[in-house]
Amino acid sequence: MSAGIPRALLTVLRSIYEWSVFSDERPFEGGKISTRSQHKGVIDASDWYYSNMRKAGDEGLLLQQAVERLANLLRIHRFGDKPTESSLSSFSVPEKDVTPGARHILQLAEARAFIHRLPGTQKERNSEDITPKFQISPMLAPRWDLPLIRRGVASLSPDDFNAIFDPTRNREYASLESEWRQRVSAGIRRDSAIGVKHQQIGLFDD
């Protein structure tokens with residue numbers, strides 16, 4: 001979860017320990033640290049990472065906004081009615097085709113370890129282009145109930161990526177979020193149980 005960052009690891013362990021002490025579990029004194037304390041400690045550590053590891057100033061706020069947008073889409077997918085992947089936490093994008101503003105925020109996210117560039121590349125199905133892959137930091141994943149493991153990669157078009165990472169694309173992001181919700185929504189069938197109920201002929205109907 002700490003992605004090799006010592007400060008992140010120590011923060012996770014400290015938060016878990018503090019929750020265990022708060023719950024009177026007496027860690028390291030013969031008691032056991034409960035799953036509940038571990039969960040709450042991990043969430044606290046994730047929130048701390050989000051608030052304290054960003055760059056100071058306006059750019060730090062733009063970084064948080066972009067990562068929150070990305071995480072929100074991944075969360076929509078994970079808890080949708082029909083997700084295509086069960087543990088989606090990674091994405092690919094043709095980096096050379098995105099706007100300078102979006103590319104700058106991505107570089108900032110990498111520098112602050114909010115997003116990790118993954119080894120290897122992704123071969124896109126439709127265009128067969130080779131694109132780089134990225135993963136949202138495992139330290140941030142618990143904040144949005146996202147998986148720590150990687151399974152599947154979301155292929156983002158330059159327009160999709162710009163809507164997420166370019167701070168001037170608020171309207172485009174709203175449309176993209178709506179599109180993702182519709183994509184994983186089961187919808188309502190016309191012949192649903194409610195609809196059929198009113199069409200059925202009763203036993204004593206003519």
# chains A, B, ... in the order shown; residues from 1 in each chain; ligands from 1

$ residues_around --residues "range 38-52 of chain A" --least-positions-apart "3" --cutoff "6 Å" --atoms "only C-alpha atoms" --output "VMD selection string"
chain A and resid 11 to 12 15 to 16 35 139 to 140 142 to 143

$ select_by_dssp --residues "range 3-180 of chain A" --states "strand (DSSP E)" --output "ChimeraX atom specification"
/A:90-92,115-123,130-136,154-155

$ write_last_selection --atoms "C-alpha atoms" --output "mmCIF file, in the first residue's frame"
data_model
loop_
_atom_site.group_PDB
_atom_site.id
_atom_site.type_symbol
_atom_site.label_atom_id
_atom_site.label_comp_id
_atom_site.auth_asym_id
_atom_site.auth_seq_id
_atom_site.Cartn_x
_atom_site.Cartn_y
_atom_site.Cartn_z
ATOM 1 C CA SER A 90 -5.178 1.779 -13.651
ATOM 2 C CA PHE A 91 -5.538 3.647 -16.917
ATOM 3 C CA SER A 92 -3.702 4.229 -20.176
ATOM 4 C CA ILE A 115 -0.176 8.562 -9.603
ATOM 5 C CA HIS A 116 2.437 5.951 -10.509
ATOM 6 C CA ARG A 117 3.694 5.292 -14.019
ATOM 7 C CA LEU A 118 3.698 1.532 -14.554
ATOM 8 C CA PRO A 119 6.406 -0.464 -16.305
ATOM 9 C CA GLY A 120 5.516 -1.578 -19.805
ATOM 10 C CA THR A 121 2.885 -0.179 -22.132
ATOM 11 C CA GLN A 122 -0.697 -0.845 -23.173
ATOM 12 C CA LYS A 123 -1.629 -1.916 -26.707
ATOM 13 C CA ILE A 130 1.166 1.699 -27.747
ATOM 14 C CA THR A 131 0.349 3.902 -24.761
ATOM 15 C CA PRO A 132 1.827 4.292 -21.256
ATOM 16 C CA LYS A 133 -0.015 2.931 -18.226
ATOM 17 C CA PHE A 134 -0.618 4.599 -14.868
ATOM 18 C CA GLN A 135 -2.116 3.623 -11.514
ATOM 19 C CA ILE A 136 -3.682 5.743 -8.809
ATOM 20 C CA ALA A 154 -9.136 1.762 -18.465
ATOM 21 C CA SER A 155 -8.207 3.079 -21.917
#

$ closest_atom_pairs --of "range 2-80 of chain A" --to "range 103-112 of chain A" --cutoff "7 Å" --atoms "only C-alpha atoms" --output "tab-separated table"
residue	atom	partner	partner_atom	distance
A:Met53	CA	A:Arg112	CA	6.5
A:Arg54	CA	A:Arg112	CA	6.2
A:Leu63	CA	A:Ile105	CA	6.0

$ select_by_dssp --residues "range 8-46 of chain A" --states "helix (DSSP H, G or I)" --output "list in words"
Ala8, Leu9, Leu10, Thr11, Val12, Leu13, Arg14, Ser15, Ile16, Tyr17, Glu18, Trp19, Ser20, Val21, Phe22, Thr35, Arg36, Ser37, Gln38, His39, Lys40, Gly41, Val42, Ile43, Asp44, Ala45 and Ser46 of chain A

$ closest_residue --among "A:Ser89, A:Tyr17, A:Glu25, A:Ala8" --to "Ile149 in chain A" --atoms "only C-alpha atoms"
A:Ser89

$ atom_distance --atom1 "CA of Gly101 in chain A" --atom2 "CA of Glu172 in chain A"
14.6 Å

$ residues_around --residues "Thr84 in chain A" --least-positions-apart "4" --cutoff "9 Å" --atoms "only C-alpha atoms" --output "VMD selection string"
chain A and resid 77 to 78 88 152 184

$ write_last_selection --atoms "C-alpha atoms" --output "short mmCIF file (atom, residue, chain, number, x, y, z; two decimals), in the first residue's frame"
data_model
loop_
_atom_site.label_atom_id
_atom_site.label_comp_id
_atom_site.auth_asym_id
_atom_site.auth_seq_id
_atom_site.Cartn_x
_atom_site.Cartn_y
_atom_site.Cartn_z
CA HIS A 77 -17.12 1.77 -12.41
CA ARG A 78 -16.35 -0.45 -9.43
CA LEU A 88 -9.96 -1.26 -11.88
CA GLY A 152 -7.56 -4.39 -16.02
CA VAL A 184 -22.26 0.67 -15.88
#

$ residues_around --residues "Tyr173 in chain A" --least-positions-apart "6" --cutoff "9 Å" --atoms "only C-alpha atoms" --output "list in words"
Arg69, Asp160, Asn162, Ala163 and Ile164 of chain A

$ closest_residue --among "A:Val98, A:Ile76, A:Leu61, A:Leu146" --to "Ser178 in chain A" --atoms "only C-alpha atoms"
A:Ile76

$ closest_residue --among "A:Asn170, A:Ser157, A:Ser20, A:Ser86" --to "Gln65 in chain A" --atoms "only C-alpha atoms"
A:Asn170

$ closest_residue --among "A:Ala56, A:Val93, A:Ala102, A:Val67" --to "Pro167 in chain A" --atoms "only C-alpha atoms"
A:Ala102

$ closest_residue --among "A:Phe165, A:Phe114, A:Phe22, A:Phe28" --to "Leu62 in chain A" --atoms "only C-alpha atoms"
A:Phe165

$ atom_distance --atom1 "CA of Leu9 in chain A" --atom2 "CA of Ser37 in chain A"
16.0 Å
